[in-house]
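File shown here: coords-v8.cif, holding mmCIF, C-alpha atoms and all ligand atoms.
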data_work
loop_
_atom_site.label_atom_id
_atom_site.label_comp_id
_atom_site.auth_asym_id
_atom_site.auth_seq_id
_atom_site.Cartn_x
_atom_site.Cartn_y
_atom_site.Cartn_z
CA MET L 1 0.95 16.68 -7.76
CA ILE L 2 -0.28 14.75 -10.78
CA CYS L 3 -1.84 17.40 -12.98
CA PHE L 4 -3.88 17.11 -16.13
CA SER L 5 -4.54 20.03 -18.44
CA VAL L 6 -8.28 20.39 -18.93
CA SER L 7 -7.94 22.02 -22.35
CA ALA L 8 -5.76 19.11 -23.52
CA LEU L 9 -8.36 16.65 -22.19
CA GLU L 10 -11.04 18.44 -24.18
CA LYS L 11 -9.21 17.38 -27.34
CA ASN L 12 -7.97 13.89 -26.47
CA PRO L 13 -7.44 11.51 -23.56
CA VAL L 14 -4.12 12.24 -21.88
CA VAL L 15 -1.62 9.50 -21.04
CA LYS L 16 0.79 10.27 -18.25
CA SER L 17 3.50 8.14 -16.72
CA GLY L 18 6.49 8.91 -14.58
CA THR L 19 7.77 8.84 -11.04
CA LEU L 20 7.32 10.96 -7.94
CA PRO L 21 9.61 11.19 -4.91
CA PRO L 22 8.68 8.96 -1.93
CA GLU L 23 7.51 12.08 -0.05
CA PHE L 24 4.43 11.98 -2.28
CA LEU L 25 3.07 9.19 -0.06
CA ASP L 26 3.40 11.39 3.02
CA LEU L 27 3.88 8.41 5.35
CA ALA L 28 4.39 9.38 8.99
CA PRO L 29 7.35 7.97 10.97
CA GLU L 30 4.90 6.12 13.21
CA ASP L 31 3.35 4.37 10.23
CA ASP L 32 4.30 0.74 9.90
CA PHE L 33 5.44 1.30 6.33
CA ALA L 34 8.23 3.30 4.75
CA ALA L 35 8.80 4.08 1.09
CA ALA L 36 12.00 2.56 -0.27
CA GLY L 37 11.93 4.33 -3.62
CA ASP L 38 9.99 6.49 -6.01
CA VAL L 39 6.29 6.16 -6.70
CA SER L 40 5.66 5.06 -10.29
CA TYR L 41 2.48 5.94 -12.10
CA ASP L 42 1.04 5.04 -15.46
CA LEU L 43 -2.28 6.77 -16.01
CA THR L 44 -4.80 7.70 -18.65
CA ALA L 45 -7.25 10.53 -18.11
CA ALA L 46 -10.30 11.01 -20.31
CA LEU L 47 -13.06 13.55 -20.25
CA VAL L 48 -16.42 11.94 -19.51
CA SER L 49 -19.81 13.43 -18.79
CA GLY L 50 -19.46 15.67 -15.76
CA GLY L 51 -15.78 15.13 -15.08
CA VAL L 52 -12.63 13.17 -15.74
CA LEU L 53 -12.10 9.44 -15.50
CA ILE L 54 -8.58 8.39 -14.58
CA THR L 55 -7.53 4.79 -15.15
CA GLY L 56 -4.20 3.09 -14.72
CA MET L 57 -1.94 2.06 -11.88
CA LEU L 58 0.49 3.33 -9.27
CA SER L 59 3.16 1.37 -7.42
CA VAL L 60 5.92 1.97 -4.91
CA PRO L 61 8.56 -0.18 -3.22
CA LEU L 62 7.96 -0.31 0.54
CA THR L 63 9.62 -1.68 3.60
CA ALA L 64 7.67 -2.92 6.60
CA ARG L 65 7.94 -5.33 9.46
CA CYS L 66 6.45 -8.81 9.45
CA GLY L 67 3.40 -8.76 11.75
CA ARG L 68 4.35 -12.14 13.23
CA CYS L 69 8.14 -12.40 13.45
CA LEU L 70 9.01 -8.67 13.20
CA LYS L 71 11.57 -9.32 10.46
CA ASP L 72 12.13 -6.43 8.04
CA ILE L 73 10.46 -7.12 4.74
CA SER L 74 10.29 -5.26 1.47
CA PHE L 75 7.65 -5.53 -1.20
CA THR L 76 6.09 -3.54 -3.99
CA LEU L 77 2.75 -1.98 -3.21
CA SER L 78 0.48 -1.70 -6.23
CA SER L 79 -2.80 0.15 -6.40
CA GLY L 80 -4.23 -2.42 -8.77
CA LYS L 81 -6.33 -1.08 -11.63
CA ILE L 82 -7.65 2.34 -10.74
CA HIS L 83 -10.98 3.76 -11.89
CA LEU L 84 -11.10 7.20 -10.41
CA PHE L 85 -13.78 9.71 -11.33
CA LEU L 86 -13.15 13.34 -10.52
CA GLU L 87 -15.42 16.27 -11.04
CA VAL L 88 -13.80 19.21 -12.74
CA PRO L 89 -14.70 22.50 -11.09
CA GLU L 90 -15.68 25.37 -13.38
CA SER L 91 -12.82 27.44 -14.77
CA VAL L 92 -10.10 25.06 -13.62
CA GLU L 93 -7.34 24.73 -16.18
CA GLU L 94 -5.12 22.23 -14.33
CA LEU L 95 -6.73 19.32 -12.53
CA ASP L 96 -4.50 17.99 -9.75
CA ALA L 97 -5.43 14.37 -9.03
CA GLY L 98 -2.43 13.80 -6.74
CA GLU L 99 -4.26 13.57 -3.43
CA GLU L 100 -6.97 11.22 -4.71
CA LEU L 101 -4.41 9.02 -6.44
CA ARG L 102 -2.31 8.90 -3.29
CA GLU L 103 -5.35 7.66 -1.37
CA GLU L 104 -6.03 5.01 -4.02
CA LEU L 105 -2.50 3.69 -3.54
CA LEU L 106 -2.61 3.75 0.27
CA LEU L 107 -5.91 1.85 0.23
CA ALA L 108 -3.93 -1.12 -1.05
CA LEU L 109 -1.71 -1.25 2.05
CA PRO L 110 -1.97 -4.68 3.69
CA MET L 111 -3.47 -4.71 7.19
CA ASN L 112 -0.96 -7.22 8.45
CA PRO L 113 2.14 -7.58 6.28
CA LEU L 114 3.87 -10.96 6.56
CA CYS L 115 7.30 -12.13 5.47
CA SER L 116 5.53 -15.19 4.10
CA PRO L 117 1.97 -16.52 4.45
CA GLU L 118 3.45 -19.46 6.39
CA CYS L 119 5.46 -17.33 8.81
CA ALA L 120 5.54 -19.19 12.13
CA GLY L 121 6.08 -16.05 14.20
CA LEU L 122 7.87 -15.69 17.50
CA CYS L 123 7.47 -17.85 20.57
CA PRO L 124 5.32 -15.82 23.00
CA VAL L 125 7.36 -17.16 25.91
CA CYS L 126 11.01 -16.96 24.89
CA GLY L 127 10.74 -14.80 21.77
CA LYS L 128 12.61 -17.25 19.57
CA ASP L 129 11.97 -16.94 15.83
CA LEU L 130 10.06 -20.17 15.20
CA ASN L 131 10.89 -19.97 11.49
CA LYS L 132 14.43 -20.91 12.50
CA GLY L 133 13.37 -23.90 14.57
CA LYS L 134 11.25 -24.91 17.54
CA CYS L 135 12.00 -23.86 21.08
CA HIS L 136 11.33 -25.88 24.22
CA CYS L 137 8.64 -23.74 25.78
CA ASP L 138 5.27 -25.14 26.76
CA THR L 139 2.97 -22.71 24.99
CA GLY L 140 -0.15 -24.77 25.59
CA SER L 141 -0.93 -25.22 21.91
CA ALA L 142 0.69 -26.57 18.80
CA ALA L 143 4.22 -25.25 18.62
CA GLY L 144 4.89 -23.31 15.48
CA ALA L 145 1.34 -22.03 15.17
CA VAL L 146 1.62 -19.58 18.04
CA SER L 147 2.42 -15.97 17.38
CA PRO L 148 2.25 -12.86 19.57
CA TRP L 149 -0.77 -11.86 17.51
CA SER L 150 -2.68 -15.15 17.64
CA ALA L 151 -4.83 -13.85 20.48
CA LEU L 152 -5.87 -11.02 18.19
CA ASP L 153 -6.85 -13.50 15.50
CA ASP L 154 -9.19 -15.18 17.97
CA LEU L 155 -11.05 -11.96 18.74
CA LYS L 156 -14.40 -11.87 17.03
CA LEU L 157 -14.68 -8.31 15.83
ZN ZN M 1 7.55 -13.31 9.57
ZN ZN M 2 9.95 -20.44 23.40
#
Could you take the file, read its structure, and then write that structure out as structure tokens?
Ligand SMILES: [Zn+2]
Ligand SMILES: [Zn+2]
Amino acid sequence: MICFSVSALEKNPVVKSGTLPPEFLDLAPEDDFAAAGDVSYDLTAALVSGGVLITGMLSVPLTARCGRCLKDISFTLSSGKIHLFLEVPESVEELDAGEELREELLLALPMNPLCSPECAGLCPVCGKDLNKGKCHCDTGSAAGAVSPWSALDDLKL
């Protein structure tokens, strides 16, 4: 819940910052990401014609697995600058923007998190971590550039 008082907004824009427990993200165990700490938010809400405009940013430390070499990685997910417009229903005194803000943050999740943009991945034959050195398998293409996901990269979607 990230609530803004409508009567306060009618007087002045409201600045709100703080933290929420990781449960706010509501990540499922089968998701590829896990929260490693609290969600931080730093937001300004202002009454505009027809509703409320919320600007600011959210961030949370996450852990994930490199999509190429499967190493555990941790990074900070940031929503970037948010511009969220919400309509305010009649006779609502507290506007809860939590769900919409959560979605804004999750939209920033990377499709394919990598430990580094140059990650060499695992050998598809022997499974060796090619970041730690080449193996002796004949993979049929340039060693070091092959990852278990390279076939996916070739798919034209
Ligand atoms: Zn990696
Ligand atoms: Zn190998």
To one decimal place, how far is atom CA of Pro124 of chain L from atom CA of Pro110 of chain L in Å?
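So the answer is 23.5 Å.
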Residues at most 6 Å from ligand ZN 2 (chain M), using all atoms listed in the file? Could they come as a PDB file with C-alpha atoms, keeping the file's coordinate frame?
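Dumped to result-v1.pdb:
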ATOM      1  CA  CYS L 123       7.470 -17.850  20.570  1.00  0.00           C
ATOM      2  CA  VAL L 125       7.360 -17.160  25.910  1.00  0.00           C
ATOM      3  CA  CYS L 126      11.010 -16.960  24.890  1.00  0.00           C
ATOM      4  CA  GLY L 127      10.740 -14.800  21.770  1.00  0.00           C
ATOM      5  CA  LYS L 128      12.610 -17.250  19.570  1.00  0.00           C
ATOM      6  CA  CYS L 135      12.000 -23.860  21.080  1.00  0.00           C
ATOM      7  CA  HIS L 136      11.330 -25.880  24.220  1.00  0.00           C
ATOM      8  CA  CYS L 137       8.640 -23.740  25.780  1.00  0.00           C
TER       9      CYS L 137
END
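Of the residues listed (L:Ser74, L:Ser79, L:Ser91, L:Ser17), L:Ser74 shows the shortest atom-to-atom separation from ligand ZN 1 (chain M); distances use all atoms listed in the file.
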Between L:Glu90, L:Phe85, L:Ser78, L:Cys66, which one has atoms that come closest to ligand ZN 1 (chain M), using all atoms listed in the file?
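Answer, going by the shortest atom-to-atom distance: L:Cys66.
Take atom CA of Pro22 of chain L and atom CA of Leu9 of chain L: the distance between them is 27.6 Å.
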Please identify all protein, DNA and RNA residues within 7 Å of ligand ZN 1 (chain M), counting all atoms listed in the file, and report them as a ChimeraX atom specification.
/L:66-71,114-116,119-121
Expressed in Å to a single decimal, how great is the separation between atom CA of Leu95 of chain L and atom CA of Leu47 of chain L?
11.5 Å
Name the residues in contact with Pro21 of chain L at a cut-off of 7 Å, using only C-alpha atoms, excluding same-chain residues fewer than 2 positions from it; report them as a VMD selection string.
chain L and resid 19 23 to 24 38 to 39
